[in-house]
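Shown next: structure-v8.txt, given as compact mmCIF, C-alpha atoms and all ligand atoms.
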# COMPACT_ATOMS: atom_id res chain seq x y z
CA MET A 30 3.78 36.09 0.03
CA ILE A 31 6.37 36.43 2.77
CA VAL A 32 9.59 38.19 1.82
CA VAL A 33 12.50 37.48 4.19
CA LEU A 34 15.22 40.17 4.03
CA LYS A 35 18.93 39.54 4.48
CA PRO A 36 20.25 40.70 7.88
CA GLY A 37 21.90 44.08 8.34
CA LEU A 38 20.35 45.88 5.35
CA SER A 39 20.63 49.67 5.09
CA LYS A 40 17.42 51.73 5.23
CA LYS A 41 17.91 52.50 1.55
CA ASP A 42 18.15 48.83 0.53
CA GLU A 43 15.09 47.97 2.59
CA SER A 44 12.98 50.75 1.14
CA ALA A 45 13.91 49.70 -2.40
CA VAL A 46 12.30 46.31 -1.69
CA LEU A 47 9.21 47.94 -0.15
CA LYS A 48 8.91 50.20 -3.19
CA GLU A 49 9.07 47.24 -5.57
CA ILE A 50 6.39 45.37 -3.60
CA ARG A 51 4.10 48.42 -3.84
CA ARG A 52 4.91 48.88 -7.53
CA LEU A 53 3.73 45.34 -8.21
CA GLY A 54 0.40 46.12 -6.55
CA TYR A 55 0.85 44.57 -3.08
CA ARG A 56 0.56 46.18 0.34
CA PRO A 57 3.71 45.54 2.40
CA HIS A 58 3.49 44.85 6.12
CA VAL A 59 6.89 44.98 7.85
CA ILE A 60 7.64 42.71 10.83
CA ARG A 61 10.91 43.41 12.63
CA GLY A 62 12.33 40.44 14.53
CA VAL A 63 15.52 40.25 16.58
CA ALA A 64 17.63 38.72 13.82
CA ARG A 65 15.52 39.23 10.70
CA THR A 66 13.05 41.57 9.11
CA VAL A 67 10.26 39.96 7.12
CA ILE A 68 7.69 41.61 4.90
CA GLY A 69 4.20 40.25 4.47
CA ALA A 70 3.04 41.25 0.96
CA ILE A 71 -0.75 41.45 0.91
CA GLY A 72 -2.63 41.04 -2.38
CA ASP A 73 -4.07 38.48 -4.75
CA GLU A 74 -1.30 36.77 -6.69
CA ARG A 75 -3.63 35.45 -9.32
CA THR A 76 -4.37 38.95 -10.54
CA HIS A 77 -0.93 40.50 -9.98
CA GLN A 78 2.55 39.81 -11.25
CA SER A 79 4.25 37.26 -8.99
CA LEU A 80 6.66 38.40 -6.28
CA GLU A 81 8.80 35.31 -6.88
CA ALA A 82 11.44 37.26 -8.83
CA LEU A 83 12.24 39.25 -5.66
CA GLY A 84 14.11 36.10 -4.61
CA ASN A 85 16.74 37.21 -7.13
CA TRP A 86 17.32 40.57 -5.40
CA PRO A 87 20.56 40.86 -3.38
CA GLN A 88 18.60 42.25 -0.40
CA VAL A 89 16.27 39.25 -0.24
CA GLU A 90 16.97 35.92 1.43
CA GLN A 91 13.78 34.06 0.52
CA VAL A 92 10.30 34.54 -0.88
CA MET A 93 7.71 32.11 0.49
CA PRO A 94 4.08 31.58 -0.45
CA VAL A 95 1.52 31.75 2.38
CA GLN A 96 -1.27 30.07 0.46
CA LYS A 97 -1.20 26.63 -1.04
CA ARG A 98 -0.63 26.64 -4.77
CA TYR A 99 -3.61 24.39 -5.40
CA LYS A 100 -7.15 25.47 -4.76
CA PHE A 101 -9.99 23.33 -6.14
CA VAL A 102 -8.40 20.02 -5.09
CA SER A 103 -7.72 21.26 -1.56
CA ARG A 104 -9.59 20.31 1.58
CA GLU A 105 -9.85 24.06 2.32
CA ALA A 106 -12.00 24.50 -0.78
CA HIS A 107 -14.26 21.58 0.10
CA ARG A 108 -14.39 20.27 3.69
CA ALA A 109 -16.42 17.11 3.05
CA ASP A 110 -15.11 14.06 1.19
CA SER A 111 -16.00 14.12 -2.50
CA THR A 112 -17.25 11.05 -4.31
CA VAL A 113 -16.72 10.25 -7.97
CA PRO A 114 -19.68 8.68 -9.82
CA VAL A 115 -18.78 5.83 -12.16
CA ARG A 116 -21.89 4.33 -13.77
CA GLU A 117 -23.97 3.07 -10.81
CA HIS A 118 -21.02 3.31 -8.37
CA LEU A 119 -19.59 6.02 -6.17
CA ILE A 120 -15.85 5.97 -5.53
CA GLY A 121 -14.91 7.58 -2.22
CA GLY A 122 -18.14 6.65 -0.43
CA LYS A 123 -18.79 3.97 2.16
CA LYS A 124 -18.01 1.12 -0.23
CA LEU A 125 -14.43 0.20 -0.97
CA HIS A 126 -14.14 -0.43 -4.71
CA VAL A 127 -11.78 -2.85 -6.37
CA MET A 128 -10.71 -2.25 -9.96
CA ALA A 129 -9.10 -5.40 -11.29
CA GLY A 130 -8.02 -6.94 -14.58
CA PRO A 131 -5.02 -7.56 -16.76
CA CYS A 132 -2.18 -5.14 -17.32
CA SER A 133 -2.86 -5.34 -21.07
CA VAL A 134 -5.89 -6.51 -22.99
CA GLU A 135 -4.52 -9.44 -25.03
CA ASP A 136 -7.50 -11.25 -26.57
CA GLU A 137 -11.20 -11.85 -25.99
CA ARG A 138 -10.79 -15.07 -24.06
CA GLN A 139 -8.17 -13.64 -21.69
CA LEU A 140 -10.24 -10.54 -21.00
CA LEU A 141 -13.64 -12.19 -20.61
CA THR A 142 -12.26 -14.96 -18.38
CA THR A 143 -10.59 -12.39 -16.15
CA ALA A 144 -13.61 -10.08 -16.11
CA GLU A 145 -15.99 -12.85 -15.07
CA ALA A 146 -13.62 -14.09 -12.35
CA VAL A 147 -12.95 -10.66 -10.82
CA ARG A 148 -16.67 -9.85 -10.90
CA GLN A 149 -17.46 -13.06 -9.04
CA ALA A 150 -14.78 -12.27 -6.47
CA GLY A 151 -16.32 -8.84 -5.81
CA ALA A 152 -14.58 -6.34 -8.12
CA THR A 153 -16.84 -3.62 -9.55
CA ILE A 154 -14.55 -2.16 -12.21
CA LEU A 155 -12.52 -3.93 -14.91
CA ARG A 156 -9.06 -2.59 -15.75
CA GLY A 157 -7.11 -3.31 -18.91
CA GLY A 158 -4.62 -1.38 -21.04
CA ALA A 159 -5.35 -0.98 -24.74
CA PHE A 160 -2.65 1.65 -25.30
CA LYS A 161 0.43 0.61 -23.31
CA PRO A 162 3.25 2.98 -22.30
CA ARG A 163 6.16 0.55 -22.71
CA THR A 164 9.71 1.48 -21.77
CA SER A 165 11.06 -0.12 -24.93
CA PRO A 166 9.56 0.55 -28.37
CA TYR A 167 10.09 -3.14 -29.17
CA GLU A 168 7.68 -4.32 -26.46
CA PHE A 169 3.96 -5.00 -26.95
CA GLN A 170 2.27 -1.62 -27.35
CA GLY A 171 -1.33 -2.73 -26.80
CA LEU A 172 -4.21 -3.66 -29.12
CA GLY A 173 -5.42 -0.07 -29.52
CA GLU A 174 -9.06 0.30 -30.58
CA LYS A 175 -9.49 -3.46 -30.78
CA GLY A 176 -8.62 -3.58 -27.06
CA LEU A 177 -11.17 -0.85 -26.31
CA LYS A 178 -13.84 -2.83 -28.18
CA LEU A 179 -13.02 -5.92 -26.12
CA LEU A 180 -13.30 -3.91 -22.90
CA ALA A 181 -16.71 -2.64 -24.01
CA LYS A 182 -17.75 -6.20 -24.75
CA ALA A 183 -16.59 -7.34 -21.30
CA ARG A 184 -18.66 -4.53 -19.79
CA ARG A 185 -21.71 -5.68 -21.76
CA VAL A 186 -21.27 -9.28 -20.69
CA THR A 187 -20.39 -8.77 -17.02
CA GLY A 188 -21.90 -5.40 -16.13
CA LEU A 189 -18.53 -4.22 -14.80
CA ALA A 190 -17.54 -0.59 -15.41
CA ILE A 191 -14.22 -0.17 -17.22
CA ILE A 192 -11.02 1.82 -16.77
CA THR A 193 -8.27 2.13 -19.36
CA GLU A 194 -5.26 4.36 -19.93
CA LEU A 195 -5.27 7.40 -22.20
CA LEU A 196 -1.75 7.73 -23.59
CA ALA A 197 -1.95 10.59 -26.05
CA GLU A 198 -4.08 13.62 -26.91
CA ALA A 199 -4.68 12.10 -30.35
CA HIS A 200 -6.71 9.31 -28.70
CA VAL A 201 -8.89 11.40 -26.38
CA GLU A 202 -12.15 11.07 -28.28
CA LEU A 203 -11.59 7.42 -29.09
CA VAL A 204 -10.81 6.40 -25.51
CA ALA A 205 -13.58 8.58 -24.03
CA GLU A 206 -16.09 6.93 -26.37
CA TYR A 207 -15.46 3.54 -24.76
CA THR A 208 -14.22 3.97 -21.20
CA ASP A 209 -16.00 4.82 -17.94
CA ILE A 210 -12.81 6.09 -16.26
CA ILE A 211 -9.82 7.63 -18.03
CA GLN A 212 -6.53 6.49 -16.49
CA ILE A 213 -3.65 8.95 -16.79
CA GLY A 214 -0.48 6.95 -16.34
CA THR A 215 2.65 7.65 -14.38
CA ARG A 216 4.60 8.70 -17.42
CA ASN A 217 1.98 11.30 -18.36
CA ALA A 218 1.20 12.58 -14.87
CA GLN A 219 2.59 16.02 -15.72
CA ASN A 220 1.52 16.10 -19.36
CA PHE A 221 -0.67 19.11 -18.67
CA GLN A 222 -2.14 19.38 -22.18
CA LEU A 223 -3.23 15.75 -21.95
CA LEU A 224 -4.74 16.39 -18.51
CA ILE A 225 -6.71 19.34 -19.86
CA ALA A 226 -7.93 17.37 -22.87
CA ALA A 227 -8.95 14.46 -20.63
CA ALA A 228 -10.70 16.82 -18.20
CA LYS A 229 -12.73 18.32 -21.02
CA THR A 230 -14.33 14.97 -21.83
CA GLY A 231 -16.14 15.23 -18.47
CA LYS A 232 -15.27 11.56 -17.75
CA PRO A 233 -13.99 10.51 -14.31
CA ILE A 234 -10.21 10.63 -14.26
CA LEU A 235 -7.76 8.49 -12.32
CA LEU A 236 -4.45 10.33 -12.06
CA LYS A 237 -1.47 8.17 -11.22
CA ARG A 238 1.44 9.69 -9.34
CA GLY A 239 4.50 10.31 -11.52
CA LEU A 240 7.61 8.19 -11.02
CA ALA A 241 9.47 10.97 -9.23
CA MET A 242 6.65 13.29 -8.35
CA LYS A 243 6.33 15.17 -5.08
CA ILE A 244 2.87 15.12 -3.56
CA GLU A 245 2.52 18.88 -4.12
CA GLU A 246 3.24 18.40 -7.83
CA TRP A 247 0.69 15.58 -7.98
CA LEU A 248 -1.96 17.76 -6.34
CA LEU A 249 -1.13 20.55 -8.79
CA ALA A 250 -1.47 18.15 -11.73
CA GLY A 251 -4.90 17.23 -10.32
CA GLU A 252 -5.69 20.94 -10.09
CA TYR A 253 -5.46 21.07 -13.92
CA VAL A 254 -8.43 18.67 -14.08
CA LEU A 255 -10.63 20.57 -11.63
CA ALA A 256 -9.58 23.97 -13.02
CA ASN A 257 -10.88 22.70 -16.37
CA GLU A 258 -14.31 22.12 -14.92
CA ASN A 259 -14.13 18.41 -14.33
CA PRO A 260 -14.70 17.63 -10.62
CA HIS A 261 -14.50 13.85 -11.09
CA LEU A 262 -10.90 13.16 -10.13
CA MET A 263 -9.23 10.32 -8.19
CA PHE A 264 -5.57 10.24 -7.20
CA CYS A 265 -3.75 6.92 -7.57
CA GLU A 266 -0.51 6.10 -5.73
CA ARG A 267 1.43 3.40 -7.60
CA GLY A 268 4.89 3.65 -6.12
CA ILE A 269 7.72 6.07 -6.69
CA ARG A 270 11.25 5.37 -7.78
CA THR A 271 13.76 5.01 -4.96
CA PHE A 272 17.11 3.27 -4.37
CA GLU A 273 15.33 0.06 -3.28
CA THR A 274 15.49 -2.89 -5.68
CA TYR A 275 13.55 -5.63 -3.83
CA THR A 276 10.42 -3.95 -5.14
CA ARG A 277 9.92 -2.40 -8.60
CA ASN A 278 8.86 0.89 -6.99
CA THR A 279 8.39 2.06 -3.41
CA LEU A 280 4.68 2.22 -2.64
CA ASP A 281 4.21 5.38 -0.58
CA LEU A 282 1.33 4.48 1.72
CA ALA A 283 1.79 7.78 3.57
CA ALA A 284 0.19 9.30 0.48
CA ILE A 285 -3.18 7.99 1.73
CA PRO A 286 -3.46 10.10 4.91
CA ILE A 287 -1.66 13.01 3.24
CA ILE A 288 -4.07 13.12 0.29
CA LYS A 289 -6.95 12.77 2.77
CA GLN A 290 -5.66 15.76 4.74
CA GLU A 291 -4.78 17.95 1.79
CA SER A 292 -7.62 17.04 -0.54
CA HIS A 293 -11.28 16.02 -0.53
CA LEU A 294 -10.81 13.68 -3.49
CA PRO A 295 -10.62 9.87 -3.40
CA ILE A 296 -7.30 8.04 -3.21
CA VAL A 297 -6.74 4.75 -5.02
CA ILE A 298 -3.80 2.39 -4.40
CA ASP A 299 -2.15 0.32 -7.13
CA PRO A 300 -0.01 -2.30 -5.35
CA SER A 301 0.79 -4.09 -8.61
CA GLN A 302 2.97 -1.38 -10.18
CA GLY A 303 4.04 -0.50 -6.64
CA ALA A 304 5.49 -3.90 -5.73
CA GLY A 305 6.24 -5.27 -9.17
CA ARG A 306 5.83 -8.70 -7.50
CA ALA A 307 2.65 -10.74 -7.22
CA ASP A 308 3.65 -12.18 -3.83
CA LEU A 309 3.47 -8.77 -2.11
CA VAL A 310 0.15 -7.64 -3.54
CA ILE A 311 -2.12 -9.07 -0.81
CA ALA A 312 -0.13 -7.57 2.07
CA MET A 313 0.04 -4.17 0.38
CA CYS A 314 -3.71 -4.23 -0.27
CA LYS A 315 -4.37 -4.95 3.42
CA GLY A 316 -2.17 -2.04 4.45
CA ALA A 317 -3.79 0.30 1.95
CA VAL A 318 -7.33 -0.60 3.03
CA ALA A 319 -6.46 -0.27 6.72
CA MET A 320 -4.98 3.17 6.05
CA GLY A 321 -8.14 4.44 4.39
CA ALA A 322 -7.71 3.92 0.65
CA ASP A 323 -10.99 4.44 -1.24
CA ALA A 324 -10.25 1.89 -3.94
CA LEU A 325 -7.62 -0.56 -5.17
CA LEU A 326 -6.33 -1.05 -8.72
CA ILE A 327 -5.00 -4.59 -9.08
CA GLU A 328 -3.49 -6.45 -12.03
CA VAL A 329 -5.03 -9.91 -12.48
CA HIS A 330 -4.31 -12.40 -15.27
CA PRO A 331 -5.62 -15.94 -15.93
CA ASN A 332 -2.08 -17.09 -16.62
CA PRO A 333 0.46 -14.53 -15.34
CA ALA A 334 3.37 -16.65 -16.55
CA GLU A 335 2.23 -16.04 -20.12
CA ALA A 336 1.17 -12.39 -19.81
CA TRP A 337 2.18 -10.05 -22.63
CA SER A 338 3.21 -7.34 -20.13
CA ASP A 339 3.98 -7.12 -16.39
CA GLY A 340 3.78 -10.92 -15.93
CA VAL A 341 5.78 -10.92 -12.69
CA GLN A 342 3.40 -8.66 -10.81
CA GLN A 343 -0.01 -9.94 -11.92
CA VAL A 344 -1.93 -12.19 -9.56
CA SER A 345 -3.78 -15.27 -10.84
CA LEU A 346 -7.56 -15.62 -10.68
CA ASP A 347 -7.26 -17.89 -7.63
CA GLN A 348 -4.89 -15.54 -5.86
CA PHE A 349 -7.28 -12.68 -6.55
CA ALA A 350 -10.23 -14.57 -5.09
CA ARG A 351 -8.17 -15.32 -1.97
CA LEU A 352 -7.07 -11.69 -1.77
CA MET A 353 -10.69 -10.52 -1.79
CA GLN A 354 -11.53 -12.97 1.03
CA GLU A 355 -8.54 -11.95 3.13
CA LEU A 356 -9.36 -8.27 2.69
CA ARG A 357 -12.79 -8.58 4.32
CA PRO A 358 -11.76 -8.01 7.95
CA PHE A 359 -9.56 -5.09 6.89
CA ILE A 360 -12.43 -3.48 4.98
CA ALA A 361 -14.69 -3.86 8.02
CA ALA A 362 -11.99 -2.53 10.39
CA ALA A 363 -11.66 0.56 8.22
CA GLY A 364 -15.42 1.12 8.57
CA ARG A 365 -16.07 0.36 4.91
CA GLU A 366 -18.21 -2.12 3.05
C1 LIG E 1 -0.63 0.15 -15.73
O1 LIG E 1 -1.54 0.42 -14.94
O2 LIG E 1 -0.55 -0.91 -16.36
C2 LIG E 1 0.47 1.14 -15.90
C3 LIG E 1 1.21 1.19 -16.98
O3 LIG E 1 0.58 1.93 -14.82
P1 LIG E 1 1.64 3.11 -14.44
O4 LIG E 1 1.28 4.27 -15.29
O5 LIG E 1 1.36 3.28 -12.99
O6 LIG E 1 3.03 2.56 -14.72
MN MN E 2 0.99 -2.85 -15.79

Would you put the structure from the file into structure tokens?
Ligand code: PEP
Ligand code: MN
Amino acid sequence: MIVVLKPGLSKKDESAVLKEIRRLGYRPHVIRGVARTVIGAIGDERTHQSLEALGNWPQVEQVMPVQKRYKFVSREAHRADSTVPVREHLIGGKKLHVMAGPCSVEDERQLLTTAEAVRQAGATILRGGAFKPRTSPYEFQGLGEKGLKLLAKARRVTGLAIITELLAEAHVELVAEYTDIIQIGTRNAQNFQLLIAAAKTGKPILLKRGLAMKIEEWLLAGEYVLANENPHLMFCERGIRTFETYTRNTLDLAAIPIIKQESHLPIVIDPSQGAGRADLVIAMCKGAVAMGADALLIEVHPNPAEAWSDGVQQVSLDQFARLMQELRPFIAAAGRE
């Protein structure tokens, strides 16, 4: 930690701070500048009481960490890109993966029609919500276990892997029994107990960014997964809330190079929740792929106008097939397959 002292302190005030740093088990190293004196406090913060509270001392201007607060997710901990195995696939490798399917699983026909169409167009993973985090309690909440069973059936029929959202700790075993990837949604991105429970299943986890979450907080939420001995984590940017109203959320594409710099883990882009409009999905996918996204998560519905949730943002089967065609040159330009 770096402790910045207020200017013009008496010797007595300064030595009181030094004494406290030593008392807490750190070795102080004083650096005297022209306008400020700063103290480097040397020691391992994980095994000592934090120096943060010194920020409350009248002699102290600021206490700043030197090290990043996350460890296992960081690029420093692991220089090479990590890949996440999902059945026979590797997310984060040479191949760009597309996860596609409806916002919610509605019935067998809807799911199987979508699954077959997205498979033919080139998707490798089927998405579909069985437990839906709806803003209003009066909106469709998902089919629950029946939805999970339909996803498993779609996997059997098409060979696609599946991803579905885990909403609550009470459903961990149930969801893990069916799914290949556990999706942690935006609204649960900092539900740390849920993250720990999901991590303990050992299943690959896709962690969406919270609605108003800073990237550091997102990385720290991911740290909960790796710190609980599950290395199979993907980050998913799905838009953050801003003042803009032309889109449902503001898709932060800068998250792609930032996550790549800060972390070794794959980054997935969800343009559907990001835009909240089907007409923007293709353009956002092209941007995401060009910027180095490892996978896309796209909402696709056989009849978006009659979807039970998120109808405005889901693309039709035809639009999805066109999207996959139009993405080809962008995938090649990014050096992916
Ligand atoms: C979804 O994928 O349908 C969903 C609810 O996502 P988010 O958590 O990003 O809102
Ligand atoms: Mn949705």

Legend entry - Interatomic distance (Å, one decimal) between CA of Val89 in chain A and CA of Met30 in chain A: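 About the pair CA of Val89 in chain A and CA of Met30 in chain A: they are 12.9 Å apart.
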
Inset, instruction - Name all residues at most 10 Å from Ile269 in chain A (count all atoms listed in the file; drop same-chain ones fewer than 2 positions away) and give them as a ChimeraX atom specification. - result: /A:215,238-243,266-267,271,277-281,302-303

Legend entry - Residue neighbourhood range 120-136 of chain A, 8 Å, all atoms listed in the file, exclusion window fewer than 6 positions, as a ChimeraX atom specification: /A:110-114,143-144,147,151-159,161,171-172,176,179-180,192,294-296,322-330,337-339,343,360,364-366

Legend entry - Spatial neighbours of Ile210 in chain A, 7 Å, only C-alpha atoms, chain gap at least 6 places, as a VMD selection string: chain A and resid 191 to 193 232 to 235

Export C-alpha atoms of the chosen residues as a CSV table (one decimal), keeping the file's coordinate frame?
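For reference, again.csv as written:
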chain,number,residue,atom,x,y,z
A,191,ILE,CA,-14.2,-0.2,-17.2
A,192,ILE,CA,-11.0,1.8,-16.8
A,193,THR,CA,-8.3,2.1,-19.4
A,232,LYS,CA,-15.3,11.6,-17.8
A,233,PRO,CA,-14.0,10.5,-14.3
A,234,ILE,CA,-10.2,10.6,-14.3
A,235,LEU,CA,-7.8,8.5,-12.3

Inset, instruction - Between A:Glu137, A:Asp42, A:Glu273, A:Glu74, single out the one closest to Ala183 in chain A, counting all atoms listed in the file. - result: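 When distances to Ala183 in chain A are compared using all atoms listed in the file, the smallest one comes from A:Glu137.
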
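The two atoms in question, CA of Tyr167 in chain A and CA of Glu206 in chain A, are spaced 28.2 Å apart.
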
Legend entry - Pairwise distance for CA of Pro57 in chain A and CA of Pro36 in chain A, rounded to one decimal in Å: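 Between these atoms lies a distance of 18.1 Å.
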
Taking all listed atoms of ligand LIG 1 (chain E), build the axis-aligned box, pad each of the six sides by 8 Å, then write its centre and edge lengths in Å to one decimal as lines of an AutoDock Vina configuration file.
center_x = 0.7
center_y = 1.7
center_z = -15.0
size_x = 20.6
size_y = 21.2
size_z = 20.0

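Nearest to Ala227 in chain A of all the residues A:Val201, A:Ala106, A:Ile298, A:Leu177 is A:Val201, based on all atoms listed in the file.
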
Any chance you could model all heavy atoms for range 190-199 of chain A and send them as a PDB file, in the coordinates of the input?
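Once written, selection_24.pdb looks like this:
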ATOM      1  N   ALA A 190     -17.992  -1.840 -14.786  1.00  0.00           N
ATOM      2  CA  ALA A 190     -17.540  -0.590 -15.410  1.00  0.00           C
ATOM      3  C   ALA A 190     -16.093  -0.810 -15.863  1.00  0.00           C
ATOM      4  O   ALA A 190     -15.451  -1.767 -15.427  1.00  0.00           O
ATOM      5  CB  ALA A 190     -17.626   0.550 -14.408  1.00  0.00           C
ATOM      6  N   ILE A 191     -15.586   0.048 -16.739  1.00  0.00           N
ATOM      7  CA  ILE A 191     -14.220  -0.170 -17.220  1.00  0.00           C
ATOM      8  C   ILE A 191     -13.326   1.068 -17.041  1.00  0.00           C
ATOM      9  O   ILE A 191     -13.788   2.209 -17.071  1.00  0.00           O
ATOM     10  CB  ILE A 191     -14.172  -0.660 -18.683  1.00  0.00           C
ATOM     11  CG1 ILE A 191     -14.859   0.313 -19.634  1.00  0.00           C
ATOM     12  CG2 ILE A 191     -14.768  -2.050 -18.803  1.00  0.00           C
ATOM     13  CD1 ILE A 191     -14.852  -0.162 -21.094  1.00  0.00           C
ATOM     14  N   ILE A 192     -12.045   0.775 -16.846  1.00  0.00           N
ATOM     15  CA  ILE A 192     -11.020   1.820 -16.770  1.00  0.00           C
ATOM     16  C   ILE A 192      -9.881   1.426 -17.692  1.00  0.00           C
ATOM     17  O   ILE A 192      -9.458   0.265 -17.708  1.00  0.00           O
ATOM     18  CB  ILE A 192     -10.508   2.038 -15.317  1.00  0.00           C
ATOM     19  CG1 ILE A 192      -9.346   3.056 -15.305  1.00  0.00           C
ATOM     20  CG2 ILE A 192     -10.066   0.742 -14.638  1.00  0.00           C
ATOM     21  CD1 ILE A 192      -8.936   3.532 -13.925  1.00  0.00           C
ATOM     22  N   THR A 193      -9.401   2.408 -18.469  1.00  0.00           N
ATOM     23  CA  THR A 193      -8.270   2.130 -19.360  1.00  0.00           C
ATOM     24  C   THR A 193      -7.445   3.406 -19.516  1.00  0.00           C
ATOM     25  O   THR A 193      -7.939   4.513 -19.315  1.00  0.00           O
ATOM     26  CB  THR A 193      -8.762   1.577 -20.715  1.00  0.00           C
ATOM     27  OG1 THR A 193      -7.675   0.936 -21.390  1.00  0.00           O
ATOM     28  CG2 THR A 193      -9.320   2.667 -21.617  1.00  0.00           C
ATOM     29  N   GLU A 194      -6.181   3.213 -19.879  1.00  0.00           N
ATOM     30  CA  GLU A 194      -5.260   4.360 -19.930  1.00  0.00           C
ATOM     31  C   GLU A 194      -5.388   5.155 -21.224  1.00  0.00           C
ATOM     32  O   GLU A 194      -5.476   4.597 -22.318  1.00  0.00           O
ATOM     33  CB  GLU A 194      -3.812   3.874 -19.754  1.00  0.00           C
ATOM     34  CG  GLU A 194      -2.808   5.019 -19.844  1.00  0.00           C
ATOM     35  CD  GLU A 194      -1.405   4.688 -19.340  1.00  0.00           C
ATOM     36  OE1 GLU A 194      -1.203   3.600 -18.767  1.00  0.00           O
ATOM     37  OE2 GLU A 194      -0.514   5.545 -19.529  1.00  0.00           O
ATOM     38  N   LEU A 195      -5.355   6.480 -21.065  1.00  0.00           N
ATOM     39  CA  LEU A 195      -5.270   7.400 -22.200  1.00  0.00           C
ATOM     40  C   LEU A 195      -3.805   7.821 -22.316  1.00  0.00           C
ATOM     41  O   LEU A 195      -3.259   8.441 -21.405  1.00  0.00           O
ATOM     42  CB  LEU A 195      -6.158   8.630 -21.939  1.00  0.00           C
ATOM     43  CG  LEU A 195      -5.997   9.796 -22.918  1.00  0.00           C
ATOM     44  CD1 LEU A 195      -6.441   9.402 -24.326  1.00  0.00           C
ATOM     45  CD2 LEU A 195      -6.776  11.019 -22.437  1.00  0.00           C
ATOM     46  N   LEU A 196      -3.187   7.471 -23.446  1.00  0.00           N
ATOM     47  CA  LEU A 196      -1.750   7.730 -23.590  1.00  0.00           C
ATOM     48  C   LEU A 196      -1.445   9.044 -24.281  1.00  0.00           C
ATOM     49  O   LEU A 196      -0.425   9.661 -24.020  1.00  0.00           O
ATOM     50  CB  LEU A 196      -1.133   6.629 -24.461  1.00  0.00           C
ATOM     51  CG  LEU A 196      -0.311   5.544 -23.825  1.00  0.00           C
ATOM     52  CD1 LEU A 196       0.453   4.784 -24.901  1.00  0.00           C
ATOM     53  CD2 LEU A 196       0.673   6.112 -22.822  1.00  0.00           C
ATOM     54  N   ALA A 197      -2.297   9.448 -25.209  1.00  0.00           N
ATOM     55  CA  ALA A 197      -1.950  10.590 -26.050  1.00  0.00           C
ATOM     56  C   ALA A 197      -3.192  11.414 -26.383  1.00  0.00           C
ATOM     57  O   ALA A 197      -4.300  10.875 -26.466  1.00  0.00           O
ATOM     58  CB  ALA A 197      -1.311  10.104 -27.345  1.00  0.00           C
ATOM     59  N   GLU A 198      -2.970  12.723 -26.573  1.00  0.00           N
ATOM     60  CA  GLU A 198      -4.080  13.620 -26.910  1.00  0.00           C
ATOM     61  C   GLU A 198      -4.819  13.162 -28.167  1.00  0.00           C
ATOM     62  O   GLU A 198      -6.026  13.339 -28.276  1.00  0.00           O
ATOM     63  CB  GLU A 198      -3.522  15.022 -27.171  1.00  0.00           C
ATOM     64  CG  GLU A 198      -3.517  15.910 -25.953  1.00  0.00           C
ATOM     65  CD  GLU A 198      -2.971  17.279 -26.314  1.00  0.00           C
ATOM     66  OE1 GLU A 198      -3.747  18.121 -26.800  1.00  0.00           O
ATOM     67  OE2 GLU A 198      -1.759  17.480 -26.120  1.00  0.00           O
ATOM     68  N   ALA A 199      -4.073  12.539 -29.090  1.00  0.00           N
ATOM     69  CA  ALA A 199      -4.680  12.100 -30.350  1.00  0.00           C
ATOM     70  C   ALA A 199      -5.775  11.057 -30.122  1.00  0.00           C
ATOM     71  O   ALA A 199      -6.631  10.857 -30.979  1.00  0.00           O
ATOM     72  CB  ALA A 199      -3.597  11.537 -31.272  1.00  0.00           C
TER      73      ALA A 199
END
